[in-house]
$ cat model.cif   # mmCIF, C-alpha atoms
data_structure
loop_
_atom_site.group_PDB
_atom_site.id
_atom_site.type_symbol
_atom_site.label_atom_id
_atom_site.label_comp_id
_atom_site.auth_asym_id
_atom_site.auth_seq_id
_atom_site.Cartn_x
_atom_site.Cartn_y
_atom_site.Cartn_z
ATOM 1 C CA MET A 1 0.000 0.000 0.000
ATOM 2 C CA ALA A 2 2.819 2.320 0.952
ATOM 3 C CA LYS A 3 4.559 1.437 -2.292
ATOM 4 C CA ARG A 4 1.413 2.312 -4.283
ATOM 5 C CA ASP A 5 1.117 5.680 -2.477
ATOM 6 C CA MET A 6 4.765 6.400 -3.227
ATOM 7 C CA MET A 7 4.193 5.680 -6.920
ATOM 8 C CA LYS A 8 1.193 8.045 -6.922
ATOM 9 C CA LYS A 9 3.329 10.800 -5.413
ATOM 10 C CA ILE A 10 6.097 10.252 -7.980
ATOM 11 C CA THR A 11 3.566 10.250 -10.814
ATOM 12 C CA ALA A 12 1.972 13.426 -9.478
ATOM 13 C CA ALA A 13 5.367 15.096 -9.236
ATOM 14 C CA VAL A 14 6.248 14.116 -12.792
ATOM 15 C CA LEU A 15 2.899 15.386 -14.084
ATOM 16 C CA ALA A 16 3.311 18.622 -12.153
ATOM 17 C CA GLY A 17 6.738 19.097 -13.689
ATOM 18 C CA THR A 18 5.314 18.429 -17.136
ATOM 19 C CA VAL A 19 2.626 21.044 -16.598
ATOM 20 C CA VAL A 20 5.265 23.563 -15.563
ATOM 21 C CA LEU A 21 7.295 22.806 -18.686
ATOM 22 C CA LEU A 22 4.270 23.090 -20.925
ATOM 23 C CA THR A 23 3.319 26.379 -19.324
ATOM 24 C CA ALA A 24 6.833 27.684 -19.799
ATOM 25 C CA CYS A 25 6.780 26.738 -23.477
ATOM 26 C CA ALA A 26 3.435 28.441 -23.934
ATOM 27 C CA GLY A 27 4.713 31.577 -22.245
ATOM 28 C CA GLY A 28 4.831 32.587 -18.622
ATOM 29 C CA GLY A 29 5.231 35.987 -17.036
ATOM 30 C CA PRO A 30 2.842 38.919 -16.907
ATOM 31 C CA LYS A 31 -0.007 39.070 -19.409
ATOM 32 C CA THR A 32 0.220 42.852 -19.673
ATOM 33 C CA LEU A 33 3.171 45.186 -20.118
ATOM 34 C CA SER A 34 2.852 48.946 -20.073
ATOM 35 C CA ASP A 35 4.890 52.117 -19.996
ATOM 36 C CA GLU A 36 4.163 55.793 -20.680
ATOM 37 C CA TYR A 37 3.780 55.184 -24.406
ATOM 38 C CA VAL A 38 2.224 51.773 -25.036
ATOM 39 C CA THR A 39 0.320 48.869 -23.469
ATOM 40 C CA VAL A 40 0.748 45.287 -24.673
ATOM 41 C CA GLU A 41 -1.618 42.493 -23.635
ATOM 42 C CA ASN A 42 -1.574 38.715 -24.155
ATOM 43 C CA TYR A 43 1.759 38.770 -25.919
ATOM 44 C CA GLN A 44 2.885 35.300 -24.816
ATOM 45 C CA GLY A 45 1.253 32.086 -25.897
ATOM 46 C CA VAL A 46 -0.147 33.708 -29.050
ATOM 47 C CA GLU A 47 -2.173 31.210 -31.080
ATOM 48 C CA ILE A 48 -1.258 30.774 -34.758
ATOM 49 C CA GLU A 49 -1.597 28.154 -37.446
ATOM 50 C CA LYS A 50 1.632 26.256 -38.064
ATOM 51 C CA ALA A 51 3.240 27.089 -41.398
ATOM 52 C CA GLU A 52 4.301 24.136 -43.552
ATOM 53 C CA ALA A 53 7.438 24.069 -45.694
ATOM 54 C CA GLY A 54 6.417 21.335 -48.118
ATOM 55 C CA GLU A 55 8.762 18.866 -49.772
ATOM 56 C CA VAL A 56 11.476 19.822 -52.232
ATOM 57 C CA THR A 57 10.602 18.353 -55.621
ATOM 58 C CA GLU A 58 12.802 17.422 -58.565
ATOM 59 C CA GLU A 59 11.045 20.197 -60.480
ATOM 60 C CA ASP A 60 12.252 22.715 -57.878
ATOM 61 C CA ILE A 61 15.820 21.536 -58.430
ATOM 62 C CA ASP A 62 15.422 21.524 -62.216
ATOM 63 C CA LEU A 63 14.303 25.141 -62.084
ATOM 64 C CA VAL A 64 17.449 26.198 -60.230
ATOM 65 C CA VAL A 65 19.748 24.193 -62.497
ATOM 66 C CA ASP A 66 18.101 25.649 -65.608
ATOM 67 C CA HIS A 67 18.429 29.160 -64.202
ATOM 68 C CA MET A 68 22.106 28.697 -63.388
ATOM 69 C CA MET A 69 22.793 27.181 -66.821
ATOM 70 C CA GLN A 70 21.172 30.181 -68.503
ATOM 71 C CA GLY A 71 23.781 32.381 -66.870
ATOM 72 C CA TYR A 72 26.584 29.954 -67.707
ATOM 73 C CA THR A 73 25.695 29.644 -71.404
ATOM 74 C CA ALA A 74 25.301 33.406 -71.730
ATOM 75 C CA GLN A 75 28.721 34.038 -70.192
ATOM 76 C CA HIS A 76 30.468 31.437 -72.330
ATOM 77 C CA ASP A 77 28.556 32.100 -75.555
ATOM 78 C CA LEU A 78 27.196 28.555 -75.709
ATOM 79 C CA PRO A 79 23.925 27.223 -77.137
ATOM 80 C CA LYS A 80 21.030 27.779 -74.744
ATOM 81 C CA ASP A 81 20.221 24.057 -74.666
ATOM 82 C CA THR A 82 23.698 23.128 -73.370
ATOM 83 C CA LYS A 83 23.306 20.465 -70.671
ATOM 84 C CA ILE A 84 25.033 20.675 -67.335
ATOM 85 C CA THR A 85 27.972 18.296 -66.910
ATOM 86 C CA ASP A 86 30.305 17.205 -64.129
ATOM 87 C CA ALA A 87 33.010 19.430 -65.655
ATOM 88 C CA ILE A 88 30.744 22.487 -65.563
ATOM 89 C CA VAL A 89 29.828 21.771 -61.955
ATOM 90 C CA LYS A 90 33.481 21.574 -60.897
ATOM 91 C CA GLU A 91 34.495 24.557 -62.997
ATOM 92 C CA THR A 92 31.812 27.045 -62.032
ATOM 93 C CA MET A 93 28.822 25.889 -60.055
ATOM 94 C CA SER A 94 30.149 24.644 -56.721
ATOM 95 C CA ASP A 95 33.146 24.622 -54.394
ATOM 96 C CA LYS A 96 32.277 21.171 -53.046
ATOM 97 C CA ALA A 97 30.203 19.183 -55.549
ATOM 98 C CA GLN A 98 32.151 17.165 -58.104
ATOM 99 C CA THR A 99 29.258 15.727 -60.078
ATOM 100 C CA VAL A 100 25.858 16.810 -61.329
ATOM 101 C CA GLU A 101 24.136 14.555 -58.816
ATOM 102 C CA GLU A 102 26.166 15.976 -55.937
ATOM 103 C CA TYR A 103 25.313 19.459 -57.169
ATOM 104 C CA ARG A 104 21.607 18.620 -57.304
ATOM 105 C CA GLU A 105 21.787 17.353 -53.735
ATOM 106 C CA GLU A 106 23.529 20.568 -52.721
ATOM 107 C CA ILE A 107 20.697 22.538 -54.301
ATOM 108 C CA ARG A 108 18.132 20.360 -52.514
ATOM 109 C CA LYS A 109 19.689 21.257 -49.156
ATOM 110 C CA GLN A 110 19.771 24.941 -50.049
ATOM 111 C CA ILE A 111 16.103 24.952 -51.063
ATOM 112 C CA THR A 112 15.184 23.053 -47.890
ATOM 113 C CA GLU A 113 16.986 25.646 -45.768
ATOM 114 C CA THR A 114 15.279 28.449 -47.701
ATOM 115 C CA LYS A 115 11.864 26.868 -47.157
ATOM 116 C CA GLU A 116 12.512 26.340 -43.449
ATOM 117 C CA LYS A 117 13.629 29.936 -43.064
ATOM 118 C CA ALA A 118 10.536 31.126 -44.945
ATOM 119 C CA VAL A 119 8.325 29.051 -42.628
ATOM 120 C CA ARG A 120 9.933 30.587 -39.569
ATOM 121 C CA THR A 121 9.565 34.072 -41.011
ATOM 122 C CA GLU A 122 5.897 33.446 -41.786
ATOM 123 C CA GLU A 123 5.214 32.219 -38.259
ATOM 124 C CA GLU A 124 7.040 35.181 -36.736
ATOM 125 C CA THR A 125 4.948 37.491 -38.915
ATOM 126 C CA ARG A 126 1.705 35.820 -37.797
ATOM 127 C CA VAL A 127 2.694 36.124 -34.136
ATOM 128 C CA TRP A 128 3.816 39.727 -34.503
ATOM 129 C CA GLU A 129 0.600 40.755 -36.242
ATOM 130 C CA LYS A 130 -1.433 39.382 -33.351
ATOM 131 C CA VAL A 131 0.797 41.029 -30.770
ATOM 132 C CA MET A 132 0.368 44.334 -32.577
ATOM 133 C CA ASP A 133 -3.405 43.812 -32.565
ATOM 134 C CA ASN A 134 -3.162 43.323 -28.789
ATOM 135 C CA SER A 135 -1.170 46.541 -28.353
ATOM 136 C CA GLU A 136 -2.381 50.094 -27.893
ATOM 137 C CA VAL A 137 -0.344 53.273 -28.160
ATOM 138 C CA LYS A 138 -1.146 55.796 -25.439
ATOM 139 C CA GLU A 139 1.134 58.497 -26.777
ATOM 140 C CA TYR A 140 3.682 58.753 -29.585
ATOM 141 C CA PRO A 141 7.020 60.328 -28.631
ATOM 142 C CA LYS A 142 6.875 63.400 -30.867
ATOM 143 C CA ASP A 143 10.571 63.758 -31.667
ATOM 144 C CA ARG A 144 10.919 60.112 -32.675
ATOM 145 C CA LEU A 145 7.725 60.263 -34.749
ATOM 146 C CA LYS A 146 9.057 63.312 -36.563
ATOM 147 C CA GLU A 147 12.375 61.549 -37.159
ATOM 148 C CA ILE A 148 10.736 58.448 -38.630
ATOM 149 C CA LYS A 149 8.558 60.509 -40.932
ATOM 150 C CA GLY A 150 11.626 62.444 -42.015
ATOM 151 C CA ASN A 151 13.330 59.165 -42.885
ATOM 152 C CA LEU A 152 10.326 58.216 -45.020
ATOM 153 C CA VAL A 153 10.405 61.552 -46.815
ATOM 154 C CA ASP A 154 14.120 61.051 -47.503
ATOM 155 C CA LEU A 155 13.413 57.575 -48.826
ATOM 156 C CA TYR A 156 10.712 58.724 -51.233
ATOM 157 C CA THR A 157 12.861 61.677 -52.269
ATOM 158 C CA THR A 158 15.526 59.178 -53.291
ATOM 159 C CA TYR A 159 12.949 57.172 -55.247
ATOM 160 C CA ALA A 160 11.834 60.360 -57.006
ATOM 161 C CA GLN A 161 15.411 61.245 -57.954
ATOM 162 C CA GLN A 162 15.932 57.760 -59.349
ATOM 163 C CA GLU A 163 12.914 58.328 -61.583
ATOM 164 C CA GLY A 164 14.103 61.801 -62.569
ATOM 165 C CA MET A 165 11.124 63.433 -60.866
ATOM 166 C CA GLU A 166 10.481 66.048 -58.199
ATOM 167 C CA TYR A 167 9.314 64.719 -54.816
ATOM 168 C CA GLU A 168 5.791 66.184 -55.092
ATOM 169 C CA GLU A 169 5.432 64.929 -58.640
ATOM 170 C CA TYR A 170 6.543 61.439 -57.654
ATOM 171 C CA MET A 171 4.232 61.257 -54.645
ATOM 172 C CA LYS A 172 1.321 62.310 -56.815
ATOM 173 C CA ALA A 173 2.239 59.680 -59.395
ATOM 174 C CA ILE A 174 2.187 56.887 -56.803
ATOM 175 C CA LYS A 175 -0.960 58.337 -55.222
ATOM 176 C CA MET A 176 0.572 58.834 -51.802
ATOM 177 C CA GLU A 177 -0.231 61.835 -49.667
ATOM 178 C CA ASP A 178 1.428 63.369 -46.632
ATOM 179 C CA ALA A 179 -1.262 61.834 -44.417
ATOM 180 C CA ASP A 180 -0.208 58.396 -45.678
ATOM 181 C CA LEU A 181 3.329 59.067 -44.481
ATOM 182 C CA ASP A 182 1.942 60.121 -41.092
ATOM 183 C CA GLU A 183 0.121 56.809 -40.769
ATOM 184 C CA ALA A 184 3.154 54.830 -41.954
ATOM 185 C CA ALA A 185 5.369 56.614 -39.424
ATOM 186 C CA LYS A 186 2.911 55.854 -36.614
ATOM 187 C CA ALA A 187 2.676 52.193 -37.641
ATOM 188 C CA SER A 188 6.469 51.906 -37.670
ATOM 189 C CA LEU A 189 6.835 53.667 -34.330
ATOM 190 C CA LYS A 190 4.167 51.473 -32.744
ATOM 191 C CA GLN A 191 6.210 48.397 -33.645
ATOM 192 C CA GLU A 192 9.312 50.035 -32.237
ATOM 193 C CA LEU A 193 7.591 50.930 -28.959
ATOM 194 C CA VAL A 194 6.160 47.438 -28.505
ATOM 195 C CA ALA A 195 9.439 45.728 -29.364
ATOM 196 C CA ASN A 196 11.425 47.959 -27.011
ATOM 197 C CA LEU A 197 8.987 47.392 -24.153
ATOM 198 C CA ILE A 198 9.180 43.597 -24.462
ATOM 199 C CA ALA A 199 12.938 43.652 -25.082
ATOM 200 C CA GLU A 200 13.500 45.750 -21.954
ATOM 201 C CA LYS A 201 11.403 43.405 -19.833
ATOM 202 C CA TYR A 202 13.092 40.202 -20.984
ATOM 203 C CA GLY A 203 16.645 41.326 -21.752
ATOM 204 C CA LEU A 204 16.361 40.966 -25.533
ATOM 205 C CA LYS A 205 18.363 44.024 -26.556
ATOM 206 C CA PRO A 206 21.582 42.971 -28.296
ATOM 207 C CA SER A 207 25.023 43.452 -26.828
ATOM 208 C CA GLU A 208 27.520 45.364 -28.967
ATOM 209 C CA GLN A 209 29.065 42.074 -30.079
ATOM 210 C CA ASP A 210 25.668 40.596 -30.959
ATOM 211 C CA PHE A 211 24.732 43.760 -32.841
ATOM 212 C CA GLN A 212 27.886 43.683 -34.946
ATOM 213 C CA LYS A 213 27.275 40.012 -35.746
ATOM 214 C CA ALA A 214 23.700 40.842 -36.764
ATOM 215 C CA LEU A 215 24.951 43.626 -39.037
ATOM 216 C CA GLU A 216 27.269 41.174 -40.760
ATOM 217 C CA ASP A 217 24.403 38.730 -41.232
ATOM 218 C CA TYR A 218 22.128 41.428 -42.658
ATOM 219 C CA ALA A 219 24.867 42.637 -45.014
ATOM 220 C CA ALA A 220 25.355 39.097 -46.317
ATOM 221 C CA GLU A 221 21.615 38.423 -46.611
ATOM 222 C CA TYR A 222 20.890 41.595 -48.544
ATOM 223 C CA LYS A 223 24.014 41.312 -50.748
ATOM 224 C CA PHE A 224 25.952 44.280 -49.394
ATOM 225 C CA SER A 225 29.702 43.908 -49.814
ATOM 226 C CA SER A 226 30.357 45.327 -46.330
ATOM 227 C CA VAL A 227 28.658 46.462 -43.138
ATOM 228 C CA GLU A 228 29.868 49.986 -43.886
ATOM 229 C CA LEU A 229 27.948 50.029 -47.150
ATOM 230 C CA LEU A 230 24.851 48.701 -45.391
ATOM 231 C CA LEU A 231 25.033 51.530 -42.859
ATOM 232 C CA LYS A 232 25.284 54.065 -45.673
ATOM 233 C CA THR A 233 21.875 52.837 -46.810
ATOM 234 C CA VAL A 234 20.210 52.320 -43.423
ATOM 235 C CA SER A 235 21.274 54.253 -40.327
ATOM 236 C CA GLU A 236 22.855 52.430 -37.392
ATOM 237 C CA GLU A 237 19.935 53.455 -35.168
ATOM 238 C CA GLU A 238 17.405 51.972 -37.575
ATOM 239 C CA MET A 239 19.440 48.771 -37.839
ATOM 240 C CA HIS A 240 19.619 48.556 -34.042
ATOM 241 C CA GLN A 241 15.848 48.833 -33.853
ATOM 242 C CA MET A 242 15.532 46.162 -36.541
ATOM 243 C CA VAL A 243 17.711 43.764 -34.546
ATOM 244 C CA ILE A 244 15.660 44.381 -31.398
ATOM 245 C CA ARG A 245 12.421 43.771 -33.284
ATOM 246 C CA ASP A 246 13.756 40.560 -34.822
ATOM 247 C CA ASN A 247 14.936 39.332 -31.413
ATOM 248 C CA VAL A 248 11.502 40.010 -29.931
ATOM 249 C CA LYS A 249 9.675 38.342 -32.819
ATOM 250 C CA SER A 250 11.799 35.221 -32.440
ATOM 251 C CA TRP A 251 11.338 35.156 -28.659
ATOM 252 C CA LEU A 252 7.557 35.516 -28.974
ATOM 253 C CA THR A 253 7.333 32.841 -31.652
ATOM 254 C CA ASP A 254 9.269 30.398 -29.455
ATOM 255 C CA ARG A 255 6.404 30.844 -26.982
ATOM 256 C CA CYS A 256 3.448 30.672 -29.350
ATOM 257 C CA LYS A 257 0.748 27.983 -29.457
ATOM 258 C CA TYR A 258 -0.080 26.145 -32.659
ATOM 259 C CA VAL A 259 -3.736 25.612 -33.527
ATOM 260 C CA GLU A 260 -5.356 23.684 -36.341
ATOM 261 C CA GLY A 261 -6.534 25.737 -39.306
ATOM 262 C CA SER A 262 -9.392 24.845 -41.626
ATOM 263 C CA SER A 263 -8.619 22.333 -44.377
ATOM 264 C CA GLU A 264 -9.426 25.065 -46.909
ATOM 265 C CA ASP A 265 -6.817 27.377 -45.403
ATOM 266 C CA GLN A 266 -4.250 24.586 -45.365
ATOM 267 C CA ASP A 267 -4.910 23.729 -49.011
ATOM 268 C CA GLU A 268 -4.510 27.375 -50.002
ATOM 269 C CA GLY A 269 -1.266 27.604 -48.073
ATOM 270 C CA LYS A 270 0.160 24.501 -49.727
ATOM 271 C CA ALA A 271 -0.852 25.719 -53.164
ATOM 272 C CA SER A 272 0.812 29.072 -52.527
ATOM 273 C CA GLU A 273 3.955 27.373 -51.243
ATOM 274 C CA ALA A 274 4.128 25.095 -54.258
ATOM 275 C CA ALA A 275 3.732 28.003 -56.646
ATOM 276 C CA GLY A 276 6.414 30.098 -54.999
ATOM 277 C CA SER A 277 9.056 27.541 -54.067
ATOM 278 C CA GLY A 278 10.539 27.174 -57.513
ATOM 279 C CA GLU A 279 10.681 30.923 -58.090
ATOM 280 C CA LYS A 280 12.440 31.514 -54.766
ATOM 281 C CA ALA A 281 14.915 28.754 -55.499
ATOM 282 C CA ALA A 282 15.673 30.109 -58.952
ATOM 283 C CA GLY A 283 16.390 33.462 -57.363
ATOM 284 C CA SER A 284 19.592 32.043 -55.904
ATOM 285 C CA GLY A 285 21.232 32.966 -59.199
ATOM 286 C CA ASN A 286 21.931 36.546 -60.238
ATOM 287 C CA GLU A 287 20.155 38.421 -62.994
ATOM 288 C CA ASP A 288 23.448 39.580 -64.483
ATOM 289 C CA GLY A 289 24.358 36.015 -65.365
ATOM 290 C CA ASN A 290 26.831 35.304 -62.552
ATOM 291 C CA THR A 291 26.687 31.741 -61.324
ATOM 292 C CA GLY A 292 28.046 29.757 -58.384
ATOM 293 C CA LYS A 293 31.630 30.724 -57.614
ATOM 294 C CA GLU A 294 31.547 33.658 -60.018
ATOM 295 C CA ALA A 295 28.704 35.261 -58.040
ATOM 296 C CA GLU A 296 30.556 35.365 -54.743
ATOM 297 C CA ASN A 297 32.404 38.645 -55.247
ATOM 298 C CA HIS A 298 30.272 41.750 -54.725
ATOM 299 C CA THR A 299 31.749 45.195 -55.166
ATOM 300 C CA ASP A 300 30.651 48.548 -53.862
ATOM 301 C CA SER A 301 29.982 49.699 -57.392
ATOM 302 C CA ASP A 302 27.618 46.798 -57.909
ATOM 303 C CA GLU A 303 25.630 47.778 -54.840
ATOM 304 C CA ASN A 304 25.367 51.400 -55.884
#
$ encode --input "model.cif" --output "structure tokens"
Amino acid sequence: MAKRDMMKKITAAVLAGTVVLLTACAGGGPKTLSDEYVTVENYQGVEIEKAEAGEVTEEDIDLVVDHMMQGYTAQHDLPKDTKITDAIVKETMSDKAQTVEEYREEIRKQITETKEKAVRTEEETRVWEKVMDNSEVKEYPKDRLKEIKGNLVDLYTTYAQQEGMEYEEYMKAIKMEDADLDEAAKASLKQELVANLIAEKYGLKPSEQDFQKALEDYAAEYKFSSVELLLKTVSEEEMHQMVIRDNVKSWLTDRCKYVEGSSEDQDEGKASEAAGSGEKAAGSGNEDGNTGKEAENHTDSDEN
């Protein structure tokens, strides 16, 4: 009898521990955060539908190979129907693969990683949208709001110059008014306020070392040849805010809850994924015809 009671106690302890773990995964801590500018409610344990990556098909791989061969044949003045060979793979396409089959497997892994990253990004977006819906701005810091709007004006001024147009003329052409910039600035600042509030509470602001590493990652992802060139395009302050927001999004998504969506929604999501996977994979080549090894070197002049 005593042995049975002991087993009950052990089982109860194990179950209690499991409940604690499950609660932690779903998100513990206060349900509401607030400061002088913004209030955020129900930010942990946000319910979203799980995004699905889908399998990598042979057609996905074919699309990438065809795209890369288009660049190769154009560079070497070869017939467009030239088939990829082991020699071409070793010469141009890969630092590691020695055969066409090895190259195709390399592409498969790259597409898989791209799909998995896209899934994570989609889930972070779903979580963040719900957190923003659960947030309310009490007051916008006026100086920061003015600064963000000024950055938007500068951005659209640059677009206008690229089109050889005056700012007012360009804004009229794209049917955007000053009030639209006001709303865009407020939307951007709301995200910043929410992200900073959560980051401050849970220690999610990057250290200087983490920030520099993030800058390097962003520069590589967006094809800038250096961090310095990246910071000529986007200010260090804006990049710092971007890193904070990304840290918060990731932290919140780690604590989300997955719920089942309707079969119709799932079918639509799979169809969309299937339609876009090949195009994203093909984008791993460059429009100027550079392929594989030849595409590794980016110069400042290319970026500008």
$ atom_distance --input "model.cif" --atom1 "CA of Leu229 (chain A)" --atom2 "CA of Gln110 (chain A)"
26.5 Å
$ resolve_selection --input "model.cif" --expression "the PyMOL selection byres ((chain A and resi 45-59) around 8)" --output "JSON, numbers by chain"
{"A": [26, 27, 42, 43, 44, 60, 61, 62, 63, 108, 111, 112, 115, 116, 118, 119, 120, 122, 123, 126, 127, 130, 131, 252, 253, 255, 256, 257, 258, 259, 260, 261, 269, 270, 273, 274, 278]}
$ write_last_selection --input "model.cif" --atoms "C-alpha atoms" --output "CSV table (one decimal), in the coordinates of the input"
chain,number,residue,atom,x,y,z
A,26,ALA,CA,3.4,28.4,-23.9
A,27,GLY,CA,4.7,31.6,-22.2
A,42,ASN,CA,-1.6,38.7,-24.2
A,43,TYR,CA,1.8,38.8,-25.9
A,44,GLN,CA,2.9,35.3,-24.8
A,60,ASP,CA,12.3,22.7,-57.9
A,61,ILE,CA,15.8,21.5,-58.4
A,62,ASP,CA,15.4,21.5,-62.2
A,63,LEU,CA,14.3,25.1,-62.1
A,108,ARG,CA,18.1,20.4,-52.5
A,111,ILE,CA,16.1,25.0,-51.1
A,112,THR,CA,15.2,23.1,-47.9
A,115,LYS,CA,11.9,26.9,-47.2
A,116,GLU,CA,12.5,26.3,-43.4
A,118,ALA,CA,10.5,31.1,-44.9
A,119,VAL,CA,8.3,29.1,-42.6
A,120,ARG,CA,9.9,30.6,-39.6
A,122,GLU,CA,5.9,33.4,-41.8
A,123,GLU,CA,5.2,32.2,-38.3
A,126,ARG,CA,1.7,35.8,-37.8
A,127,VAL,CA,2.7,36.1,-34.1
A,130,LYS,CA,-1.4,39.4,-33.4
A,131,VAL,CA,0.8,41.0,-30.8
A,252,LEU,CA,7.6,35.5,-29.0
A,253,THR,CA,7.3,32.8,-31.7
A,255,ARG,CA,6.4,30.8,-27.0
A,256,CYS,CA,3.4,30.7,-29.4
A,257,LYS,CA,0.7,28.0,-29.5
A,258,TYR,CA,-0.1,26.1,-32.7
A,259,VAL,CA,-3.7,25.6,-33.5
A,260,GLU,CA,-5.4,23.7,-36.3
A,261,GLY,CA,-6.5,25.7,-39.3
A,269,GLY,CA,-1.3,27.6,-48.1
A,270,LYS,CA,0.2,24.5,-49.7
A,273,GLU,CA,4.0,27.4,-51.2
A,274,ALA,CA,4.1,25.1,-54.3
A,278,GLY,CA,10.5,27.2,-57.5
$ atom_distance --input "model.cif" --atom1 "CA of Ile244 (chain A)" --atom2 "CA of Leu204 (chain A)"
6.8 Å
$ closest_residue --input "model.cif" --among "A:Met68, A:Ala160, A:Ala199, A:Met239" --to "Gln212 (chain A)" --atoms "all atoms listed in the file"
A:Met239
$ atom_distance --input "model.cif" --atom1 "CA of Asp95 (chain A)" --atom2 "CA of Thr73 (chain A)"
19.2 Å
$ residues_around --input "model.cif" --residues "Gly150 (chain A)" --least-positions-apart "3" --cutoff "12 Å" --atoms "all atoms listed in the file" --output "PyMOL selection string"
chain A and resi 143-147+153-157+178+181-182+184-185
$ closest_residue --input "model.cif" --among "A:Lys149, A:Ala179, A:Leu197, A:Asp217" --to "Glu41 (chain A)" --atoms "only C-alpha atoms"
A:Leu197
$ closest_residue --input "model.cif" --among "A:Ala173, A:Ile148, A:Ala74, A:Val248" --to "Asn196 (chain A)" --atoms "all atoms listed in the file"
A:Val248
$ closest_residue --input "model.cif" --among "A:Lys223, A:Glu139, A:Leu230, A:Gln241" --to "Ser188 (chain A)" --atoms "only C-alpha atoms"
A:Gln241
$ resolve_selection --input "model.cif" --expression "the PyMOL selection byres ((chain A and resi 38) around 7)" --output "ChimeraX atom specification"
/A:34-37,39-40,136-138,193-194
